[in-house]
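Novice: Enclosed is the structure file work30.cif (mmCIF, N, CA and C atoms).
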```cif
data_coords
loop_
_atom_site.label_atom_id
_atom_site.label_comp_id
_atom_site.auth_asym_id
_atom_site.auth_seq_id
_atom_site.Cartn_x
_atom_site.Cartn_y
_atom_site.Cartn_z
N MET A 29 -15.01 -28.83 -11.03
CA MET A 29 -15.41 -27.47 -10.86
C MET A 29 -16.67 -27.22 -11.69
N ARG A 30 -17.62 -26.53 -11.11
CA ARG A 30 -18.85 -26.17 -11.80
C ARG A 30 -18.60 -24.94 -12.66
N GLN A 31 -19.22 -24.88 -13.82
CA GLN A 31 -18.96 -23.77 -14.72
C GLN A 31 -20.23 -22.98 -14.97
N ILE A 32 -20.21 -21.72 -14.57
CA ILE A 32 -21.30 -20.79 -14.83
C ILE A 32 -20.67 -19.60 -15.51
N ARG A 33 -21.20 -19.22 -16.65
CA ARG A 33 -20.62 -18.13 -17.43
C ARG A 33 -21.52 -16.90 -17.33
N ILE A 34 -20.90 -15.75 -17.07
CA ILE A 34 -21.66 -14.51 -16.90
C ILE A 34 -21.05 -13.44 -17.78
N SER A 35 -21.89 -12.65 -18.43
CA SER A 35 -21.39 -11.56 -19.26
C SER A 35 -22.37 -10.41 -19.24
N SER A 36 -21.90 -9.26 -19.71
CA SER A 36 -22.85 -8.20 -20.03
C SER A 36 -23.47 -8.62 -21.35
N ALA A 37 -24.61 -8.08 -21.69
CA ALA A 37 -25.27 -8.48 -22.92
C ALA A 37 -25.73 -7.26 -23.69
N CYS A 38 -26.11 -7.46 -24.92
CA CYS A 38 -26.55 -6.35 -25.75
C CYS A 38 -27.76 -5.67 -25.12
N PRO A 39 -27.77 -4.33 -25.10
CA PRO A 39 -28.83 -3.61 -24.40
C PRO A 39 -30.18 -3.59 -25.11
N GLU A 40 -30.28 -4.14 -26.32
CA GLU A 40 -31.56 -4.07 -27.01
C GLU A 40 -32.62 -4.98 -26.39
N PHE A 41 -32.22 -5.87 -25.50
CA PHE A 41 -33.18 -6.70 -24.79
C PHE A 41 -33.70 -5.92 -23.60
N ASN A 42 -35.02 -5.80 -23.48
CA ASN A 42 -35.60 -5.02 -22.39
C ASN A 42 -35.90 -5.89 -21.17
N GLU A 43 -35.01 -6.78 -20.86
CA GLU A 43 -35.14 -7.63 -19.69
C GLU A 43 -33.83 -7.56 -18.92
N PRO A 44 -33.87 -7.78 -17.59
CA PRO A 44 -32.63 -7.68 -16.83
C PRO A 44 -31.71 -8.89 -17.00
N TYR A 45 -32.16 -9.92 -17.73
CA TYR A 45 -31.41 -11.16 -17.79
C TYR A 45 -31.63 -11.83 -19.13
N LEU A 46 -30.58 -12.46 -19.63
CA LEU A 46 -30.64 -13.16 -20.90
C LEU A 46 -29.72 -14.37 -20.82
N TYR A 47 -30.15 -15.52 -21.36
CA TYR A 47 -29.28 -16.68 -21.45
C TYR A 47 -29.11 -17.01 -22.92
N LEU A 48 -27.87 -16.96 -23.40
CA LEU A 48 -27.61 -17.16 -24.81
C LEU A 48 -26.25 -17.81 -25.02
N ASP A 49 -26.19 -18.82 -25.84
CA ASP A 49 -24.92 -19.48 -26.18
C ASP A 49 -24.15 -19.96 -24.95
N GLY A 50 -24.86 -20.42 -23.92
CA GLY A 50 -24.19 -20.93 -22.72
C GLY A 50 -23.74 -19.86 -21.75
N TRP A 51 -24.17 -18.63 -21.95
CA TRP A 51 -23.74 -17.51 -21.10
C TRP A 51 -24.95 -16.85 -20.45
N ASN A 52 -24.83 -16.54 -19.14
CA ASN A 52 -25.81 -15.74 -18.43
C ASN A 52 -25.48 -14.28 -18.73
N GLY A 53 -26.44 -13.53 -19.22
CA GLY A 53 -26.16 -12.15 -19.58
C GLY A 53 -26.98 -11.16 -18.79
N LEU A 54 -26.31 -10.20 -18.19
CA LEU A 54 -27.00 -9.08 -17.56
C LEU A 54 -27.23 -8.02 -18.62
N THR A 55 -28.39 -7.41 -18.64
CA THR A 55 -28.66 -6.40 -19.65
C THR A 55 -28.76 -4.99 -19.06
N SER A 56 -28.37 -4.84 -17.81
CA SER A 56 -28.35 -3.52 -17.19
C SER A 56 -27.14 -3.42 -16.26
N PRO A 57 -26.41 -2.31 -16.32
CA PRO A 57 -25.28 -2.11 -15.41
C PRO A 57 -25.69 -1.49 -14.08
N ALA A 58 -26.99 -1.29 -13.85
CA ALA A 58 -27.47 -0.58 -12.67
C ALA A 58 -27.44 -1.44 -11.41
N ALA A 59 -27.28 -0.77 -10.27
CA ALA A 59 -27.36 -1.45 -8.97
C ALA A 59 -28.73 -2.12 -8.85
N ASN A 60 -28.76 -3.23 -8.15
CA ASN A 60 -29.95 -4.05 -7.89
C ASN A 60 -30.39 -4.89 -9.09
N THR A 61 -29.64 -4.88 -10.19
CA THR A 61 -29.93 -5.81 -11.27
C THR A 61 -29.59 -7.21 -10.75
N THR A 62 -30.50 -8.15 -10.92
CA THR A 62 -30.36 -9.46 -10.30
C THR A 62 -30.70 -10.59 -11.27
N ILE A 63 -29.95 -11.66 -11.17
CA ILE A 63 -30.33 -12.94 -11.76
C ILE A 63 -30.47 -13.89 -10.58
N ALA A 64 -31.70 -14.29 -10.28
CA ALA A 64 -31.96 -15.09 -9.08
C ALA A 64 -31.28 -16.45 -9.14
N TYR A 65 -31.32 -17.10 -10.31
CA TYR A 65 -30.71 -18.42 -10.47
C TYR A 65 -29.95 -18.44 -11.78
N LEU A 66 -28.63 -18.50 -11.68
CA LEU A 66 -27.80 -18.59 -12.88
C LEU A 66 -27.92 -19.98 -13.48
N ARG A 67 -27.70 -20.06 -14.78
CA ARG A 67 -27.69 -21.35 -15.46
C ARG A 67 -26.25 -21.79 -15.69
N ASN A 68 -26.00 -23.09 -15.68
CA ASN A 68 -24.66 -23.58 -15.98
C ASN A 68 -24.46 -23.59 -17.49
N LYS A 69 -23.28 -24.03 -17.93
CA LYS A 69 -22.97 -23.97 -19.37
C LYS A 69 -23.89 -24.84 -20.21
N ASP A 70 -24.57 -25.81 -19.57
CA ASP A 70 -25.51 -26.67 -20.29
C ASP A 70 -26.94 -26.15 -20.24
N GLY A 71 -27.16 -25.03 -19.56
CA GLY A 71 -28.49 -24.42 -19.50
C GLY A 71 -29.31 -24.80 -18.29
N ALA A 72 -28.80 -25.67 -17.42
CA ALA A 72 -29.55 -26.08 -16.23
C ALA A 72 -29.46 -25.00 -15.15
N LEU A 73 -30.59 -24.78 -14.45
CA LEU A 73 -30.59 -23.82 -13.35
C LEU A 73 -29.69 -24.28 -12.22
N THR A 74 -29.05 -23.33 -11.55
CA THR A 74 -28.21 -23.62 -10.39
C THR A 74 -28.75 -22.84 -9.20
N PRO A 75 -28.30 -23.14 -7.98
CA PRO A 75 -28.74 -22.37 -6.82
C PRO A 75 -27.99 -21.04 -6.68
N VAL A 76 -27.06 -20.78 -7.57
CA VAL A 76 -26.24 -19.57 -7.48
C VAL A 76 -26.96 -18.39 -8.13
N GLY A 77 -26.99 -17.27 -7.42
CA GLY A 77 -27.60 -16.05 -7.93
C GLY A 77 -26.57 -14.94 -8.01
N LEU A 78 -26.92 -13.88 -8.70
CA LEU A 78 -26.01 -12.75 -8.89
C LEU A 78 -26.80 -11.46 -8.76
N THR A 79 -26.23 -10.49 -8.02
CA THR A 79 -26.81 -9.16 -7.91
C THR A 79 -25.71 -8.12 -8.04
N ILE A 80 -25.94 -7.10 -8.85
CA ILE A 80 -25.03 -5.96 -8.89
C ILE A 80 -25.44 -5.08 -7.71
N THR A 81 -24.61 -5.01 -6.68
CA THR A 81 -24.95 -4.22 -5.50
C THR A 81 -24.48 -2.78 -5.60
N GLU A 82 -23.42 -2.54 -6.35
CA GLU A 82 -22.97 -1.19 -6.65
C GLU A 82 -22.75 -1.14 -8.15
N GLY A 83 -23.53 -0.31 -8.82
CA GLY A 83 -23.60 -0.33 -10.27
C GLY A 83 -22.36 0.14 -11.01
N PHE A 84 -22.39 -0.08 -12.30
CA PHE A 84 -21.35 0.36 -13.23
C PHE A 84 -21.81 1.67 -13.87
N ASN A 85 -20.92 2.34 -14.57
CA ASN A 85 -21.29 3.56 -15.27
C ASN A 85 -22.23 3.25 -16.42
N ASN A 86 -21.81 2.35 -17.30
CA ASN A 86 -22.61 2.04 -18.48
C ASN A 86 -22.02 0.80 -19.15
N MET A 87 -22.53 0.49 -20.36
CA MET A 87 -22.01 -0.63 -21.12
C MET A 87 -21.20 -0.14 -22.32
N ASN A 88 -20.10 -0.81 -22.59
CA ASN A 88 -19.28 -0.52 -23.76
C ASN A 88 -19.51 -1.64 -24.78
N PRO A 89 -20.08 -1.32 -25.95
CA PRO A 89 -20.33 -2.35 -26.96
C PRO A 89 -19.17 -2.52 -27.95
N ASP A 90 -18.05 -1.84 -27.71
CA ASP A 90 -16.97 -1.80 -28.68
C ASP A 90 -15.75 -2.64 -28.31
N GLY A 91 -15.95 -3.72 -27.58
CA GLY A 91 -14.84 -4.58 -27.20
C GLY A 91 -14.40 -5.47 -28.35
N GLU A 92 -13.38 -6.26 -28.08
CA GLU A 92 -12.85 -7.19 -29.09
C GLU A 92 -13.90 -8.22 -29.46
N LYS A 93 -14.13 -8.36 -30.74
CA LYS A 93 -15.11 -9.34 -31.22
C LYS A 93 -14.51 -10.73 -31.41
N THR A 94 -13.20 -10.79 -31.60
CA THR A 94 -12.52 -12.07 -31.78
C THR A 94 -11.47 -12.23 -30.70
N THR A 95 -11.58 -13.27 -29.90
CA THR A 95 -10.62 -13.51 -28.83
C THR A 95 -10.19 -14.98 -28.86
N THR A 96 -9.05 -15.23 -28.28
CA THR A 96 -8.58 -16.61 -28.11
C THR A 96 -8.19 -16.76 -26.64
N THR A 97 -9.15 -17.18 -25.84
CA THR A 97 -8.93 -17.40 -24.41
C THR A 97 -9.53 -18.75 -24.03
N ILE A 98 -9.22 -19.20 -22.82
CA ILE A 98 -9.80 -20.46 -22.34
C ILE A 98 -11.29 -20.33 -22.08
N LEU A 99 -11.81 -19.09 -22.08
CA LEU A 99 -13.23 -18.88 -21.84
C LEU A 99 -14.09 -19.19 -23.06
N ASN A 100 -13.48 -19.27 -24.24
CA ASN A 100 -14.19 -19.61 -25.47
C ASN A 100 -15.45 -18.76 -25.65
N MET A 101 -15.27 -17.46 -25.68
CA MET A 101 -16.39 -16.52 -25.73
C MET A 101 -16.85 -16.23 -27.15
N PRO A 102 -18.16 -16.22 -27.36
CA PRO A 102 -18.65 -15.72 -28.65
C PRO A 102 -18.47 -14.21 -28.70
N SER A 103 -18.55 -13.62 -29.88
CA SER A 103 -18.34 -12.18 -30.01
C SER A 103 -19.37 -11.37 -29.23
N SER A 104 -20.57 -11.91 -29.03
CA SER A 104 -21.58 -11.19 -28.26
C SER A 104 -21.16 -11.01 -26.80
N VAL A 105 -20.29 -11.89 -26.31
CA VAL A 105 -19.79 -11.80 -24.94
C VAL A 105 -18.53 -10.94 -24.88
N SER A 106 -17.54 -11.26 -25.70
CA SER A 106 -16.28 -10.51 -25.64
C SER A 106 -16.43 -9.07 -26.13
N GLY A 107 -17.43 -8.81 -26.94
CA GLY A 107 -17.59 -7.48 -27.52
C GLY A 107 -18.31 -6.47 -26.64
N SER A 108 -18.89 -6.91 -25.52
CA SER A 108 -19.60 -5.97 -24.65
C SER A 108 -19.09 -6.11 -23.22
N SER A 109 -19.07 -4.99 -22.52
CA SER A 109 -18.61 -5.01 -21.13
C SER A 109 -19.18 -3.82 -20.38
N TYR A 110 -19.18 -3.92 -19.07
CA TYR A 110 -19.57 -2.80 -18.22
C TYR A 110 -18.30 -2.12 -17.73
N TYR A 111 -18.41 -0.84 -17.44
CA TYR A 111 -17.23 -0.11 -16.97
C TYR A 111 -17.60 0.87 -15.87
N GLY A 112 -16.57 1.23 -15.12
CA GLY A 112 -16.66 2.28 -14.12
C GLY A 112 -15.59 3.30 -14.44
N ASN A 113 -15.51 4.33 -13.66
CA ASN A 113 -14.49 5.35 -13.87
C ASN A 113 -14.17 5.98 -12.52
N THR A 114 -12.98 5.71 -12.02
CA THR A 114 -12.63 6.09 -10.65
C THR A 114 -11.97 7.45 -10.53
N LYS A 115 -11.49 8.01 -11.62
CA LYS A 115 -10.70 9.24 -11.52
C LYS A 115 -11.47 10.51 -11.84
N ALA A 116 -12.43 10.43 -12.72
CA ALA A 116 -13.20 11.61 -13.12
C ALA A 116 -14.56 11.18 -13.64
N ALA A 117 -15.51 12.08 -13.56
CA ALA A 117 -16.86 11.78 -14.05
C ALA A 117 -16.82 11.56 -15.56
N PHE A 118 -17.61 10.60 -16.01
CA PHE A 118 -17.77 10.34 -17.44
C PHE A 118 -19.27 10.27 -17.69
N GLY A 119 -19.77 11.09 -18.60
CA GLY A 119 -21.21 11.15 -18.80
C GLY A 119 -21.92 11.64 -17.55
N SER A 120 -21.28 12.53 -16.82
CA SER A 120 -21.80 13.12 -15.58
C SER A 120 -21.91 12.10 -14.44
N VAL A 121 -21.27 10.96 -14.57
CA VAL A 121 -21.33 9.93 -13.53
C VAL A 121 -19.92 9.55 -13.09
N LEU A 122 -19.71 9.48 -11.78
CA LEU A 122 -18.45 9.00 -11.22
C LEU A 122 -18.72 7.68 -10.51
N VAL A 123 -18.04 6.62 -10.92
CA VAL A 123 -18.23 5.30 -10.33
C VAL A 123 -16.90 4.87 -9.72
N LYS A 124 -16.79 4.98 -8.40
CA LYS A 124 -15.54 4.63 -7.71
C LYS A 124 -15.30 3.13 -7.71
N GLN A 125 -16.36 2.35 -7.57
CA GLN A 125 -16.23 0.90 -7.62
C GLN A 125 -17.57 0.30 -8.00
N SER A 126 -17.51 -0.87 -8.57
CA SER A 126 -18.70 -1.65 -8.89
C SER A 126 -18.58 -2.96 -8.14
N VAL A 127 -19.70 -3.46 -7.63
CA VAL A 127 -19.66 -4.69 -6.82
C VAL A 127 -20.73 -5.65 -7.32
N ILE A 128 -20.32 -6.89 -7.52
CA ILE A 128 -21.24 -7.97 -7.88
C ILE A 128 -21.23 -8.97 -6.72
N ARG A 129 -22.42 -9.34 -6.26
CA ARG A 129 -22.54 -10.31 -5.17
C ARG A 129 -23.08 -11.61 -5.71
N LEU A 130 -22.37 -12.70 -5.44
CA LEU A 130 -22.85 -14.04 -5.79
C LEU A 130 -23.48 -14.64 -4.54
N SER A 131 -24.66 -15.21 -4.66
CA SER A 131 -25.33 -15.84 -3.53
C SER A 131 -25.58 -17.32 -3.86
N GLY A 132 -25.89 -18.08 -2.84
CA GLY A 132 -26.20 -19.50 -3.05
C GLY A 132 -24.98 -20.38 -3.25
N LEU A 133 -23.79 -19.84 -2.96
CA LEU A 133 -22.57 -20.65 -3.10
C LEU A 133 -22.48 -21.64 -1.95
N ASN A 134 -21.89 -22.79 -2.21
CA ASN A 134 -21.71 -23.83 -1.21
C ASN A 134 -20.25 -23.82 -0.77
N ARG A 135 -20.01 -23.59 0.51
CA ARG A 135 -18.62 -23.49 0.98
C ARG A 135 -17.85 -24.80 0.84
N ASP A 136 -18.52 -25.90 0.57
CA ASP A 136 -17.82 -27.18 0.38
C ASP A 136 -17.42 -27.41 -1.08
N HIS A 137 -17.80 -26.52 -1.97
CA HIS A 137 -17.45 -26.65 -3.38
C HIS A 137 -16.34 -25.69 -3.76
N TYR A 138 -15.64 -26.03 -4.81
CA TYR A 138 -14.58 -25.16 -5.35
C TYR A 138 -15.18 -24.33 -6.48
N TYR A 139 -14.90 -23.04 -6.47
CA TYR A 139 -15.37 -22.15 -7.53
C TYR A 139 -14.17 -21.42 -8.12
N GLY A 140 -14.01 -21.50 -9.39
CA GLY A 140 -12.99 -20.72 -10.07
C GLY A 140 -13.66 -19.51 -10.70
N ILE A 141 -13.15 -18.33 -10.42
CA ILE A 141 -13.75 -17.11 -10.96
C ILE A 141 -12.74 -16.48 -11.91
N CYS A 142 -13.13 -16.32 -13.16
CA CYS A 142 -12.26 -15.75 -14.18
C CYS A 142 -12.82 -14.41 -14.63
N PHE A 143 -11.93 -13.47 -14.88
CA PHE A 143 -12.32 -12.16 -15.39
C PHE A 143 -11.71 -11.96 -16.77
N PHE A 144 -12.48 -11.43 -17.67
CA PHE A 144 -11.97 -11.03 -18.98
C PHE A 144 -12.15 -9.53 -19.08
N LEU A 145 -11.05 -8.82 -19.28
CA LEU A 145 -11.09 -7.36 -19.35
C LEU A 145 -10.67 -6.91 -20.72
N ASP A 146 -11.47 -6.03 -21.28
CA ASP A 146 -11.14 -5.47 -22.58
C ASP A 146 -11.72 -4.08 -22.65
N GLN A 147 -10.88 -3.13 -22.95
CA GLN A 147 -11.35 -1.76 -23.08
C GLN A 147 -11.59 -1.41 -24.53
N GLY A 148 -10.86 -2.00 -25.42
CA GLY A 148 -11.07 -1.75 -26.84
C GLY A 148 -10.61 -0.38 -27.29
N ALA A 149 -9.76 0.27 -26.52
CA ALA A 149 -9.28 1.61 -26.86
C ALA A 149 -7.78 1.58 -27.10
N VAL A 150 -7.29 2.63 -27.71
CA VAL A 150 -5.86 2.72 -27.99
C VAL A 150 -5.06 2.96 -26.70
N ARG A 151 -5.61 3.76 -25.80
CA ARG A 151 -4.92 4.06 -24.54
C ARG A 151 -4.96 2.86 -23.60
N LEU A 152 -3.90 2.68 -22.87
CA LEU A 152 -3.87 1.63 -21.86
C LEU A 152 -4.58 2.11 -20.61
N ARG A 153 -5.32 1.24 -20.00
CA ARG A 153 -6.02 1.58 -18.76
C ARG A 153 -5.84 0.44 -17.79
N ASP A 154 -5.83 0.78 -16.52
CA ASP A 154 -5.68 -0.21 -15.47
C ASP A 154 -7.05 -0.64 -14.96
N GLY A 155 -7.16 -1.88 -14.60
CA GLY A 155 -8.37 -2.39 -13.98
C GLY A 155 -7.99 -3.23 -12.78
N LYS A 156 -8.86 -3.30 -11.82
CA LYS A 156 -8.59 -4.10 -10.62
C LYS A 156 -9.81 -4.96 -10.34
N GLN A 157 -9.56 -6.23 -10.12
CA GLN A 157 -10.63 -7.16 -9.77
C GLN A 157 -10.21 -7.89 -8.51
N SER A 158 -11.15 -8.23 -7.68
CA SER A 158 -10.84 -9.01 -6.50
C SER A 158 -12.04 -9.85 -6.13
N THR A 159 -11.78 -10.93 -5.42
CA THR A 159 -12.83 -11.77 -4.89
C THR A 159 -12.54 -11.96 -3.41
N LEU A 160 -13.59 -12.17 -2.63
CA LEU A 160 -13.39 -12.40 -1.22
C LEU A 160 -12.96 -13.83 -0.98
N PRO A 161 -12.20 -14.09 0.05
CA PRO A 161 -11.74 -15.46 0.32
C PRO A 161 -12.91 -16.37 0.74
N LYS A 162 -12.64 -17.67 0.69
CA LYS A 162 -13.64 -18.68 1.01
C LYS A 162 -14.31 -18.43 2.36
N ALA A 163 -13.57 -17.91 3.31
CA ALA A 163 -14.12 -17.65 4.65
C ALA A 163 -15.29 -16.68 4.61
N LYS A 164 -15.41 -15.89 3.56
CA LYS A 164 -16.49 -14.91 3.48
C LYS A 164 -17.76 -15.47 2.86
N ILE A 165 -17.71 -16.70 2.33
CA ILE A 165 -18.91 -17.28 1.73
C ILE A 165 -19.92 -17.57 2.83
N GLN A 166 -21.13 -17.07 2.67
CA GLN A 166 -22.16 -17.24 3.69
C GLN A 166 -23.28 -18.12 3.19
#
```
Take the structure in the file and give it back as structure tokens.

Specialist:
Amino acid sequence: MRQIRISSACPEFNEPYLYLDGWNGLTSPAANTTIAYLRNKDGALTPVGLTITEGFNNMNPDGEKTTTTILNMPSSVSGSSYYGNTKAAFGSVLVKQSVIRLSGLNRDHYYGICFFLDQGAVRLRDGKQSTLPKAKIQ
């Protein structure tokens, strides 16, 4: 299985893309933010691209800084995330869903997609993630 790591990244970078510590980082939660060619965990370019087609509300920098998962995330990855809000407007924005499109996938290869969710708040919140089946890879 090929390994490409993607995360939200610290917003102080004024570029739409950052590669740090083996992770591809998006620096904007807005629709049309794109990484044309993702890098693998060793830093080599791949034919796989990523576009946020339906944006997130904003970035949360207050996630867990220390995690123990198979993803082996540095705190810069686990500590930041993008979020939406489906029930009520937050910051005058209502985000019913956010969509990320991966392009350049090869239907003859196996891809494992892992999600790490962390809200970092006392209240419990539900999240839903889904991926389209292999038949949808174009």

Novice: Just give me the gap between atom N of Asp49 in chain A and atom C of Gly91 in chain A in Å, one decimal is fine.

Specialist: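 Atom-to-atom, atom N of Asp49 in chain A and atom C of Gly91 in chain A are spaced 18.0 Å apart.
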
Novice: Expressed in Å to a single decimal, how great is the separation between atom N of Tyr47 in chain A and atom N of Thr74 in chain A?

Specialist: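 About the pair atom N of Tyr47 in chain A and atom N of Thr74 in chain A: they are 12.6 Å apart.
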
Novice: Please report the interatomic distance between CA of Phe84 in chain A and atom C of Leu130 in chain A in Å with one decimal.

Specialist: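 Taking CA of Phe84 in chain A as the start and atom C of Leu130 in chain A as the end point, the length is 17.5 Å.
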
Novice: Kindly extract all protein, DNA and RNA residues lying within 7 Å of the coordinates (-21.7, 1.1, -6.9) given in the file, considering only C-alpha atoms, and supply them as an MDAnalysis selection string.

Specialist: chainID A and resid 59 81:84 123 125:127

Novice: Give me a file of those residues, with N, CA and C atoms, as a short mmCIF file (atom, residue, chain, number, x, y, z; two decimals), in the coordinates of the input.

Specialist:
```cif
data_model
loop_
_atom_site.label_atom_id
_atom_site.label_comp_id
_atom_site.auth_asym_id
_atom_site.auth_seq_id
_atom_site.Cartn_x
_atom_site.Cartn_y
_atom_site.Cartn_z
N ALA A 59 -27.28 -0.77 -10.27
CA ALA A 59 -27.36 -1.45 -8.97
C ALA A 59 -28.73 -2.12 -8.85
N THR A 81 -24.61 -5.01 -6.68
CA THR A 81 -24.95 -4.22 -5.50
C THR A 81 -24.48 -2.78 -5.60
N GLU A 82 -23.42 -2.54 -6.35
CA GLU A 82 -22.97 -1.19 -6.65
C GLU A 82 -22.75 -1.14 -8.15
N GLY A 83 -23.53 -0.31 -8.82
CA GLY A 83 -23.60 -0.33 -10.27
C GLY A 83 -22.36 0.14 -11.01
N PHE A 84 -22.39 -0.08 -12.30
CA PHE A 84 -21.35 0.36 -13.23
C PHE A 84 -21.81 1.67 -13.87
N VAL A 123 -18.04 6.62 -10.92
CA VAL A 123 -18.23 5.30 -10.33
C VAL A 123 -16.90 4.87 -9.72
N GLN A 125 -16.36 2.35 -7.57
CA GLN A 125 -16.23 0.90 -7.62
C GLN A 125 -17.57 0.30 -8.00
N SER A 126 -17.51 -0.87 -8.57
CA SER A 126 -18.70 -1.65 -8.89
C SER A 126 -18.58 -2.96 -8.14
N VAL A 127 -19.70 -3.46 -7.63
CA VAL A 127 -19.66 -4.69 -6.82
C VAL A 127 -20.73 -5.65 -7.32
#
```

Novice: Given the choices A:Asn113, A:Asn85, A:Asp70, A:Asn134, which gets closest to Ala58 in chain A if the distance is worked out from all atoms listed in the file?

Specialist: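 Closest to Ala58 in chain A, using all atoms listed in the file: A:Asn85.
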
Novice: Find the residues near Arg129 in chain A: any atom within 6 Å, counting all atoms listed in the file, skip ones fewer than 2 places away on the same chain, and give them as an NGL selection string.

Specialist: :A and (77-81 or 127 or 131)

Novice: Give me the result of the PyMOL selection byres (((chain A and resi 92 and name CA) around 6) and name CA) on this file, residue by residue, as a PyMOL selection string.

Specialist: chain A and resi 91+93-94+106-107

Novice: With the PyMOL selection byres (((chain A and resi 67 and name CA) around 9) and name CA) as the selection, what would be picked from this file? Answer as an MDAnalysis selection string, please.

Specialist: chainID A and resid 32:33 47 50:52 65:66 68:76

Novice: Would you mind exporting N, CA and C atoms of the selected residues as a PDB file, keeping the file's coordinate frame?

Specialist:
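Written file, selection-v2.pdb:
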```pdb
ATOM      1  N   ILE A  32     -20.210 -21.720 -14.570  1.00  0.00           N
ATOM      2  CA  ILE A  32     -21.300 -20.790 -14.830  1.00  0.00           C
ATOM      3  C   ILE A  32     -20.670 -19.600 -15.510  1.00  0.00           C
ATOM      4  N   ARG A  33     -21.200 -19.220 -16.650  1.00  0.00           N
ATOM      5  CA  ARG A  33     -20.620 -18.130 -17.430  1.00  0.00           C
ATOM      6  C   ARG A  33     -21.520 -16.900 -17.330  1.00  0.00           C
ATOM      7  N   TYR A  47     -30.150 -15.520 -21.360  1.00  0.00           N
ATOM      8  CA  TYR A  47     -29.280 -16.680 -21.450  1.00  0.00           C
ATOM      9  C   TYR A  47     -29.110 -17.010 -22.920  1.00  0.00           C
ATOM     10  N   GLY A  50     -24.860 -20.420 -23.920  1.00  0.00           N
ATOM     11  CA  GLY A  50     -24.190 -20.930 -22.720  1.00  0.00           C
ATOM     12  C   GLY A  50     -23.740 -19.860 -21.750  1.00  0.00           C
ATOM     13  N   TRP A  51     -24.170 -18.630 -21.950  1.00  0.00           N
ATOM     14  CA  TRP A  51     -23.740 -17.510 -21.100  1.00  0.00           C
ATOM     15  C   TRP A  51     -24.950 -16.850 -20.450  1.00  0.00           C
ATOM     16  N   ASN A  52     -24.830 -16.540 -19.140  1.00  0.00           N
ATOM     17  CA  ASN A  52     -25.810 -15.740 -18.430  1.00  0.00           C
ATOM     18  C   ASN A  52     -25.480 -14.280 -18.730  1.00  0.00           C
ATOM     19  N   TYR A  65     -31.320 -17.100 -10.310  1.00  0.00           N
ATOM     20  CA  TYR A  65     -30.710 -18.420 -10.470  1.00  0.00           C
ATOM     21  C   TYR A  65     -29.950 -18.440 -11.780  1.00  0.00           C
ATOM     22  N   LEU A  66     -28.630 -18.500 -11.680  1.00  0.00           N
ATOM     23  CA  LEU A  66     -27.800 -18.590 -12.880  1.00  0.00           C
ATOM     24  C   LEU A  66     -27.920 -19.980 -13.480  1.00  0.00           C
ATOM     25  N   ASN A  68     -26.000 -23.090 -15.680  1.00  0.00           N
ATOM     26  CA  ASN A  68     -24.660 -23.580 -15.980  1.00  0.00           C
ATOM     27  C   ASN A  68     -24.460 -23.590 -17.490  1.00  0.00           C
ATOM     28  N   LYS A  69     -23.280 -24.030 -17.930  1.00  0.00           N
ATOM     29  CA  LYS A  69     -22.970 -23.970 -19.370  1.00  0.00           C
ATOM     30  C   LYS A  69     -23.890 -24.840 -20.210  1.00  0.00           C
ATOM     31  N   ASP A  70     -24.570 -25.810 -19.570  1.00  0.00           N
ATOM     32  CA  ASP A  70     -25.510 -26.670 -20.290  1.00  0.00           C
ATOM     33  C   ASP A  70     -26.940 -26.150 -20.240  1.00  0.00           C
ATOM     34  N   GLY A  71     -27.160 -25.030 -19.560  1.00  0.00           N
ATOM     35  CA  GLY A  71     -28.490 -24.420 -19.500  1.00  0.00           C
ATOM     36  C   GLY A  71     -29.310 -24.800 -18.290  1.00  0.00           C
ATOM     37  N   ALA A  72     -28.800 -25.670 -17.420  1.00  0.00           N
ATOM     38  CA  ALA A  72     -29.550 -26.080 -16.230  1.00  0.00           C
ATOM     39  C   ALA A  72     -29.460 -25.000 -15.150  1.00  0.00           C
ATOM     40  N   LEU A  73     -30.590 -24.780 -14.450  1.00  0.00           N
ATOM     41  CA  LEU A  73     -30.590 -23.820 -13.350  1.00  0.00           C
ATOM     42  C   LEU A  73     -29.690 -24.280 -12.220  1.00  0.00           C
ATOM     43  N   THR A  74     -29.050 -23.330 -11.550  1.00  0.00           N
ATOM     44  CA  THR A  74     -28.210 -23.620 -10.390  1.00  0.00           C
ATOM     45  C   THR A  74     -28.750 -22.840  -9.200  1.00  0.00           C
ATOM     46  N   PRO A  75     -28.300 -23.140  -7.980  1.00  0.00           N
ATOM     47  CA  PRO A  75     -28.740 -22.370  -6.820  1.00  0.00           C
ATOM     48  C   PRO A  75     -27.990 -21.040  -6.680  1.00  0.00           C
ATOM     49  N   VAL A  76     -27.060 -20.780  -7.570  1.00  0.00           N
ATOM     50  CA  VAL A  76     -26.240 -19.570  -7.480  1.00  0.00           C
ATOM     51  C   VAL A  76     -26.960 -18.390  -8.130  1.00  0.00           C
TER      52      VAL A  76
END
```

Novice: Considering only N, CA and C atoms, state which residue in the set A:Tyr110, A:Gly132, A:Gly140, A:Ile98 is at the smallest distance from Ser56 in chain A.

Specialist: A:Tyr110

Novice: Run through the PyMOL selection byres ((chain A and resi 89) around 6) on the given coordinates and return the selected residues as a short mmCIF file (atom, residue, chain, number, x, y, z; two decimals) with N, CA and C atoms, in the coordinates of the input.

Specialist:
```cif
data_model
loop_
_atom_site.label_atom_id
_atom_site.label_comp_id
_atom_site.auth_asym_id
_atom_site.auth_seq_id
_atom_site.Cartn_x
_atom_site.Cartn_y
_atom_site.Cartn_z
N MET A 87 -22.53 0.49 -20.36
CA MET A 87 -22.01 -0.63 -21.12
C MET A 87 -21.20 -0.14 -22.32
N ASN A 88 -20.10 -0.81 -22.59
CA ASN A 88 -19.28 -0.52 -23.76
C ASN A 88 -19.51 -1.64 -24.78
N ASP A 90 -18.05 -1.84 -27.71
CA ASP A 90 -16.97 -1.80 -28.68
C ASP A 90 -15.75 -2.64 -28.31
N GLY A 91 -15.95 -3.72 -27.58
CA GLY A 91 -14.84 -4.58 -27.20
C GLY A 91 -14.40 -5.47 -28.35
N GLY A 107 -17.43 -8.81 -26.94
CA GLY A 107 -17.59 -7.48 -27.52
C GLY A 107 -18.31 -6.47 -26.64
N SER A 108 -18.89 -6.91 -25.52
CA SER A 108 -19.60 -5.97 -24.65
C SER A 108 -19.09 -6.11 -23.22
N SER A 109 -19.07 -4.99 -22.52
CA SER A 109 -18.61 -5.01 -21.13
C SER A 109 -19.18 -3.82 -20.38
#
```
